[in-house]
>>> print(open('query.cif').read())   # mmCIF, C-alpha atoms and all ligand atoms
data_model
#
loop_
_atom_site.label_atom_id
_atom_site.label_comp_id
_atom_site.auth_asym_id
_atom_site.auth_seq_id
_atom_site.Cartn_x
_atom_site.Cartn_y
_atom_site.Cartn_z
CA MET Y 19 0.00 0.00 0.00
CA VAL Y 20 1.29 3.51 -0.85
CA GLU Y 21 1.03 5.70 2.26
CA SER Y 22 -0.21 9.28 1.87
CA PRO Y 23 2.64 11.83 2.24
CA ASP Y 24 0.66 13.93 4.80
CA LYS Y 25 -0.26 10.95 7.00
CA PRO Y 26 2.30 9.56 9.43
CA ALA Y 27 3.53 6.09 8.44
CA PRO Y 28 1.70 3.41 10.41
CA ASP Y 29 3.62 1.70 13.16
CA LEU Y 30 3.86 -1.98 12.15
CA PHE Y 31 5.10 -4.57 14.60
CA VAL Y 32 5.03 -8.34 14.88
CA GLU Y 33 5.91 -10.34 17.97
CA ARG Y 34 5.40 -13.60 19.78
CA VAL Y 35 3.09 -13.23 22.80
CA LYS Y 36 3.23 -15.34 25.93
CA GLU Y 37 0.56 -13.47 27.90
CA PHE Y 38 -2.17 -10.87 27.24
CA ASN Y 39 -3.26 -7.73 29.00
CA ASP Y 40 -6.97 -6.84 28.77
CA HIS Y 41 -6.49 -4.43 25.86
CA ASP Y 42 -4.52 -7.01 23.87
CA MET Y 43 -7.24 -9.59 24.43
CA ASP Y 44 -9.92 -7.06 23.35
CA THR Y 45 -8.14 -6.11 20.14
CA LEU Y 46 -7.16 -9.71 19.35
CA CYS Y 47 -10.79 -10.88 19.68
CA GLU Y 48 -12.06 -7.89 17.67
CA ALA Y 49 -9.57 -8.62 14.86
CA THR Y 50 -10.40 -12.33 14.88
CA ASP Y 51 -14.15 -11.64 14.74
CA ALA Y 52 -13.63 -9.25 11.83
CA ALA Y 53 -11.54 -11.80 9.91
CA ILE Y 54 -14.09 -14.58 10.50
CA ILE Y 55 -16.98 -12.35 9.37
CA ASP Y 56 -14.96 -11.39 6.29
CA GLY Y 57 -14.67 -15.07 5.41
CA GLY Y 58 -11.67 -16.89 6.68
CA GLY Y 59 -8.30 -17.42 8.17
CA PHE Y 60 -9.80 -19.57 10.87
CA GLY Y 61 -11.76 -22.77 11.16
CA TRP Y 62 -14.75 -20.81 12.39
CA VAL Y 63 -17.31 -19.87 9.75
CA ASN Y 64 -19.34 -17.77 12.22
CA PRO Y 65 -17.83 -15.80 15.12
CA PRO Y 66 -18.07 -18.13 18.13
CA GLY Y 67 -18.59 -15.34 20.67
CA ARG Y 68 -16.21 -13.49 22.93
CA ARG Y 69 -16.00 -16.08 25.69
CA ALA Y 70 -15.11 -18.91 23.27
CA LEU Y 71 -12.45 -16.77 21.55
CA GLU Y 72 -10.85 -15.76 24.84
CA THR Y 73 -10.81 -19.36 26.03
CA TYR Y 74 -9.34 -20.43 22.70
CA PHE Y 75 -6.48 -17.89 22.78
CA ARG Y 76 -5.71 -18.52 26.46
CA GLY Y 77 -5.60 -22.22 25.56
CA VAL Y 78 -3.17 -21.61 22.68
CA LEU Y 79 -0.71 -20.05 25.14
CA LEU Y 80 -0.92 -23.16 27.34
CA VAL Y 81 -0.29 -25.77 24.63
CA PRO Y 82 3.44 -26.62 24.63
CA GLU Y 83 3.53 -27.24 20.86
CA ARG Y 84 1.93 -23.89 19.93
CA GLU Y 85 3.35 -20.38 19.78
CA LEU Y 86 1.14 -17.38 19.10
CA PHE Y 87 2.41 -14.46 17.01
CA VAL Y 88 0.51 -11.18 16.69
CA ALA Y 89 0.62 -8.29 14.26
CA ARG Y 90 0.20 -4.81 15.70
CA LEU Y 91 -0.89 -1.66 13.86
CA ASN Y 92 -0.15 1.45 15.89
CA GLY Y 93 0.11 -0.73 18.99
CA ASP Y 94 -3.19 -2.59 18.63
CA ILE Y 95 -3.35 -6.27 17.75
CA VAL Y 96 -4.89 -6.62 14.27
CA GLY Y 97 -3.92 -10.16 13.28
CA SER Y 98 -2.28 -13.34 14.44
CA ALA Y 99 -0.72 -16.63 13.37
CA ILE Y 100 0.23 -19.81 15.17
CA LEU Y 101 3.43 -21.82 14.86
CA VAL Y 102 2.62 -25.48 15.52
CA ARG Y 103 5.46 -27.85 16.34
CA PRO Y 104 5.03 -31.59 15.75
CA PRO Y 105 4.08 -33.68 18.78
CA ARG Y 106 6.99 -35.37 20.52
CA ASN Y 107 5.89 -38.85 19.44
CA ASN Y 108 6.16 -37.89 15.74
CA GLU Y 109 9.87 -38.59 15.31
CA ALA Y 110 9.47 -39.21 11.56
CA GLN Y 111 8.21 -35.65 11.01
CA ALA Y 112 10.19 -33.96 13.74
CA PHE Y 113 11.82 -31.70 11.10
CA ALA Y 114 8.55 -30.03 10.02
CA ALA Y 115 6.49 -27.30 11.66
CA SER Y 116 3.17 -25.80 10.52
CA LEU Y 117 1.83 -22.29 10.21
CA MET Y 118 -1.87 -22.16 11.10
CA HIS Y 119 -4.77 -19.75 11.54
CA ALA Y 120 -3.03 -16.75 10.01
CA TYR Y 121 -5.07 -13.65 9.29
CA VAL Y 122 -4.99 -9.87 9.37
CA ALA Y 123 -8.25 -8.03 10.10
CA PRO Y 124 -9.76 -6.40 6.99
CA TYR Y 125 -9.24 -2.91 8.47
CA ALA Y 126 -5.47 -3.47 8.74
CA ARG Y 127 -4.70 -5.14 5.42
CA GLY Y 128 -2.34 -3.93 2.74
CA HIS Y 129 0.42 -2.63 5.05
CA GLY Y 130 2.64 -5.69 4.76
CA LEU Y 131 1.71 -7.13 8.16
CA ALA Y 132 0.92 -10.64 6.90
CA ARG Y 133 4.29 -10.83 5.19
CA LYS Y 134 6.00 -9.75 8.44
CA LEU Y 135 3.90 -12.22 10.46
CA THR Y 136 4.80 -15.11 8.15
CA LYS Y 137 8.48 -14.16 8.24
CA ALA Y 138 8.45 -14.01 12.06
CA VAL Y 139 6.92 -17.50 12.26
CA GLU Y 140 9.46 -18.84 9.75
CA ASP Y 141 12.37 -17.21 11.61
CA ARG Y 142 11.24 -18.77 14.88
CA ALA Y 143 10.86 -22.18 13.22
CA ARG Y 144 14.41 -21.88 11.85
CA GLU Y 145 15.66 -20.87 15.29
CA LEU Y 146 14.03 -24.00 16.72
CA GLY Y 147 15.83 -26.09 14.07
CA TYR Y 148 12.94 -26.94 11.72
CA HIS Y 149 13.68 -27.61 8.04
CA ILE Y 150 10.19 -27.44 6.57
CA MET Y 151 7.10 -25.26 7.08
CA ASN Y 152 3.71 -26.67 6.07
CA LEU Y 153 0.49 -24.75 5.63
CA ASP Y 154 -2.85 -25.05 3.89
CA VAL Y 155 -5.43 -22.58 2.60
CA ARG Y 156 -8.85 -22.61 1.03
CA GLU Y 157 -8.76 -22.07 -2.75
CA THR Y 158 -10.90 -18.95 -2.16
CA GLN Y 159 -8.15 -17.25 -0.12
CA THR Y 160 -6.52 -15.61 -3.11
CA ALA Y 161 -4.59 -12.95 -1.18
CA ALA Y 162 -3.05 -15.63 1.03
CA ILE Y 163 -2.23 -17.80 -1.98
CA ARG Y 164 -0.40 -14.90 -3.62
CA LEU Y 165 1.40 -14.06 -0.41
CA TYR Y 166 2.62 -17.60 0.29
CA GLN Y 167 3.61 -18.27 -3.33
CA SER Y 168 5.56 -14.99 -3.39
CA MET Y 169 7.38 -16.15 -0.24
CA GLY Y 170 8.50 -19.42 -1.85
CA TYR Y 171 5.81 -21.85 -0.72
CA VAL Y 172 5.34 -24.79 -3.11
CA ARG Y 173 1.88 -26.20 -3.70
CA TRP Y 174 2.06 -29.98 -3.47
CA GLY Y 175 -1.57 -31.01 -3.26
CA GLU Y 176 -5.25 -30.24 -3.38
CA HIS Y 177 -8.08 -31.60 -1.29
CA PRO Y 178 -11.45 -31.31 -3.06
CA GLU Y 179 -13.41 -31.55 0.19
CA TYR Y 180 -11.14 -29.53 2.44
CA ALA Y 181 -13.81 -27.36 4.06
CA LEU Y 182 -17.56 -27.01 4.20
CA VAL Y 183 -18.63 -23.36 4.20
CA ARG Y 184 -22.36 -22.59 4.33
CA GLY Y 185 -23.18 -25.96 2.78
CA GLN Y 186 -20.61 -25.65 -0.04
CA SER Y 187 -17.54 -27.83 -0.35
CA VAL Y 188 -14.37 -25.77 -0.72
CA THR Y 189 -11.13 -27.14 -2.17
CA GLY Y 190 -7.97 -26.75 -0.09
CA PHE Y 191 -4.43 -26.16 -1.32
CA PHE Y 192 -1.48 -27.62 0.58
CA TYR Y 193 1.92 -25.91 0.61
CA TYR Y 194 5.38 -26.45 2.01
CA LYS Y 195 8.53 -24.37 2.13
CA ARG Y 196 12.08 -25.50 2.83
CA LEU Y 197 13.47 -23.28 5.59
CA ARG Y 198 17.10 -24.38 5.33
CA PRO Y 199 19.16 -26.15 2.65
CA ARG Y 200 18.86 -29.94 2.51
CA LYS Y 201 21.99 -31.64 3.91
CA ASN Y 202 21.29 -35.26 2.94
CA GLY Y 203 18.46 -37.54 1.84
CA GLY Y 204 15.08 -37.98 3.51
CA GLY Y 205 13.04 -35.25 5.12
CA GLN Y 206 16.02 -33.52 6.76
C1 LIG U 1 -3.98 -13.05 3.41
C2 LIG U 1 -3.93 -11.90 4.40
C3 LIG U 1 -3.37 -12.46 5.71
C4 LIG U 1 -2.99 -10.81 3.85
O1 LIG U 1 -2.86 -9.80 4.85
P1 LIG U 1 -2.16 -8.37 4.55
O2 LIG U 1 -1.58 -7.88 5.82
O3 LIG U 1 -3.10 -7.49 3.84
O4 LIG U 1 -1.01 -8.81 3.52
P2 LIG U 1 0.30 -7.96 3.20
O5 LIG U 1 -0.02 -6.51 3.20
O6 LIG U 1 1.42 -8.44 4.06
O7 LIG U 1 0.55 -8.39 1.69
C5 LIG U 1 1.51 -9.36 1.39
C6 LIG U 1 1.22 -9.98 0.04
O8 LIG U 1 -0.03 -10.66 0.07
C7 LIG U 1 -0.63 -10.62 -1.21
N1 LIG U 1 -1.88 -9.88 -1.09
C8 LIG U 1 -2.30 -9.15 -0.03
N2 LIG U 1 -3.53 -8.65 -0.27
C9 LIG U 1 -3.89 -9.08 -1.51
C10 LIG U 1 -5.05 -8.94 -2.29
N3 LIG U 1 -6.10 -8.25 -1.87
N4 LIG U 1 -5.08 -9.55 -3.49
C11 LIG U 1 -4.02 -10.29 -3.94
N5 LIG U 1 -2.91 -10.46 -3.21
C12 LIG U 1 -2.84 -9.87 -2.02
C13 LIG U 1 0.35 -9.92 -2.11
O9 LIG U 1 1.23 -10.91 -2.63
C14 LIG U 1 1.09 -9.04 -1.12
O10 LIG U 1 2.35 -8.71 -1.57
P3 LIG U 1 2.60 -7.31 -2.34
O11 LIG U 1 2.08 -6.26 -1.42
O12 LIG U 1 4.08 -7.31 -2.50
O13 LIG U 1 1.82 -7.44 -3.61
C15 LIG U 1 -5.31 -11.26 4.63
O14 LIG U 1 -5.85 -10.88 3.39
C16 LIG U 1 -6.27 -12.21 5.34
O15 LIG U 1 -6.30 -12.27 6.57
N6 LIG U 1 -7.10 -12.92 4.55
C17 LIG U 1 -8.11 -13.83 5.10
C18 LIG U 1 -7.51 -14.97 5.91
C19 LIG U 1 -6.52 -15.80 5.15
O16 LIG U 1 -6.60 -15.99 3.95
N7 LIG U 1 -5.52 -16.32 5.92
C20 LIG U 1 -4.45 -17.15 5.39
C21 LIG U 1 -4.74 -18.58 5.31
S1 LIG U 1 -5.13 -19.39 6.80
#
>>> encode(input="query.cif", output="structure tokens")
Amino acid sequence: MVESPDKPAPDLFVERVKEFNDHDMDTLCEATDAAIIDGGGFGWVNPPGRRALETYFRGVLLVPERELFVARLNGDIVGSAILVRPPRNNEAQAFAASLMHAYVAPYARGHGLARKLTKAVEDRARELGYHIMNLDVRETQTAAIRLYQSMGYVRWGEHPEYALVRGQSVTGFFYYKRLRPRKNGGGQ
């Protein structure tokens, strides 16, 4: 987005959160509601209500395999994404992490926040030693598809009955990205 010369540049910031204050929880739930109403980025088709969202996000912070990243516009949370590490029993896929539930609220789009959010999740996955990032999107999420393809994600598959939205089957696209050069054979 081209910023107007007489408007101050927006303050864009992305970080991992480990706890919320009340304002953060308010803005996170507001952004999530707005993204769900707009049509995606989450499993929910309809906003589940404030209590369910709060419980969900507090739960994310408690799950050892999940890390929550938020995007801030002028200090307020306007989007989020989750880094999901494989469970400890999955030795065969211990090299691969997933990026899930990424979205930016419609009122904060076009500033480059999703790109920053994705990069922050990738950087953290690299820091943790992962070699591959997996993600999936509905075929209708064209902005996300363009974003991930522009960041080097490779589409490896399609699922014709990936989601059911208001009675309609929606195809899903599956992507992966190599986060570090391959050293030898196999998944590593
Ligand atoms: C996809 C989404 C996260 C992008 O958020 P954003 O903050 O506006 O994205 P950015 O400003 O970082 O844009 C990054 C890139 O995304 C793509 N993009 C963003 N908006 C787009 C649009 N309306 N149409 C096409 N491509 C778009 C472009 O490749 C863009 O790069 P460019 O600016 O160099 O052209 C946002 O539209 C969204 O939340 N959509 C609904 C939920 C969703 O699809 N989540 C991802 C899958 S779970």
>>> closest_residue(input="query.cif", among="Y:Arg173, Y:Arg142, Y:Lys36, Y:Arg90", to="ligand LIG 1 (chain U)", atoms="all atoms listed in the file")
Y:Arg90
>>> axis_aligned_box(input="query.cif", around="segment 44-55 of chain Y", padding_each_side="8 Å", output="AutoDock Vina command-line options")
--center_x -12.1 --center_y -10.3 --center_z 16.4 --size_x 25.8 --size_y 24.5 --size_z 30.0
>>> atom_distance(input="query.cif", atom1="atom CA of Arg133 of chain Y", atom2="atom CA of Glu176 of chain Y")
23.3 Å
>>> closest_atom_pairs(input="query.cif", of="segment 33-142 of chain Y", to="segment 24-29 of chain Y", cutoff="12 Å", atoms="only C-alpha atoms", output="tab-separated table")
residue	atom	partner	partner_atom	distance
Y:Ala89	CA	Y:Asp29	CA	10.5
Y:Arg90	CA	Y:Asp29	CA	7.8
Y:Leu91	CA	Y:Asp29	CA	5.7
Y:Asn92	CA	Y:Asp29	CA	4.7
Y:Gly93	CA	Y:Asp29	CA	7.2
Y:Asp94	CA	Y:Asp29	CA	9.7
Y:Ile95	CA	Y:Asp29	CA	11.5
Y:Val96	CA	Y:Asp29	CA	12.0
Y:Ala126	CA	Y:Pro28	CA	10.1
Y:Arg127	CA	Y:Pro28	CA	11.8
Y:Gly128	CA	Y:Pro28	CA	11.4
Y:His129	CA	Y:Pro28	CA	8.2
Y:Gly130	CA	Y:Pro28	CA	10.8
Y:Leu131	CA	Y:Asp29	CA	10.3
>>> closest_residue(input="query.cif", among="Y:Ala115, Y:Val183, Y:Ala120, Y:Leu135", to="Lys195 of chain Y", atoms="only C-alpha atoms")
Y:Ala115
>>> residues_near_ligand(input="query.cif", ligand="ligand LIG 1 (chain U)", cutoff="9 Å", atoms="only C-alpha atoms and all ligand atoms", output="number ranges by chain")
Y: 19, 53-54, 56-61, 89, 97-99, 117-136, 153-156, 158-169
>>> decode(input="query.cif", residues="segment 109-142 of chain Y", atoms="C-alpha atoms", output="CSV table (one decimal), in the first residue's frame")
chain,number,residue,atom,x,y,z
Y,109,GLU,CA,9.9,-38.6,15.3
Y,110,ALA,CA,9.5,-39.2,11.6
Y,111,GLN,CA,8.2,-35.6,11.0
Y,112,ALA,CA,10.2,-34.0,13.7
Y,113,PHE,CA,11.8,-31.7,11.1
Y,114,ALA,CA,8.5,-30.0,10.0
Y,115,ALA,CA,6.5,-27.3,11.7
Y,116,SER,CA,3.2,-25.8,10.5
Y,117,LEU,CA,1.8,-22.3,10.2
Y,118,MET,CA,-1.9,-22.2,11.1
Y,119,HIS,CA,-4.8,-19.7,11.5
Y,120,ALA,CA,-3.0,-16.8,10.0
Y,121,TYR,CA,-5.1,-13.7,9.3
Y,122,VAL,CA,-5.0,-9.9,9.4
Y,123,ALA,CA,-8.2,-8.0,10.1
Y,124,PRO,CA,-9.8,-6.4,7.0
Y,125,TYR,CA,-9.2,-2.9,8.5
Y,126,ALA,CA,-5.5,-3.5,8.7
Y,127,ARG,CA,-4.7,-5.1,5.4
Y,128,GLY,CA,-2.3,-3.9,2.7
Y,129,HIS,CA,0.4,-2.6,5.1
Y,130,GLY,CA,2.6,-5.7,4.8
Y,131,LEU,CA,1.7,-7.1,8.2
Y,132,ALA,CA,0.9,-10.6,6.9
Y,133,ARG,CA,4.3,-10.8,5.2
Y,134,LYS,CA,6.0,-9.8,8.4
Y,135,LEU,CA,3.9,-12.2,10.5
Y,136,THR,CA,4.8,-15.1,8.2
Y,137,LYS,CA,8.5,-14.2,8.2
Y,138,ALA,CA,8.5,-14.0,12.1
Y,139,VAL,CA,6.9,-17.5,12.3
Y,140,GLU,CA,9.5,-18.8,9.7
Y,141,ASP,CA,12.4,-17.2,11.6
Y,142,ARG,CA,11.2,-18.8,14.9
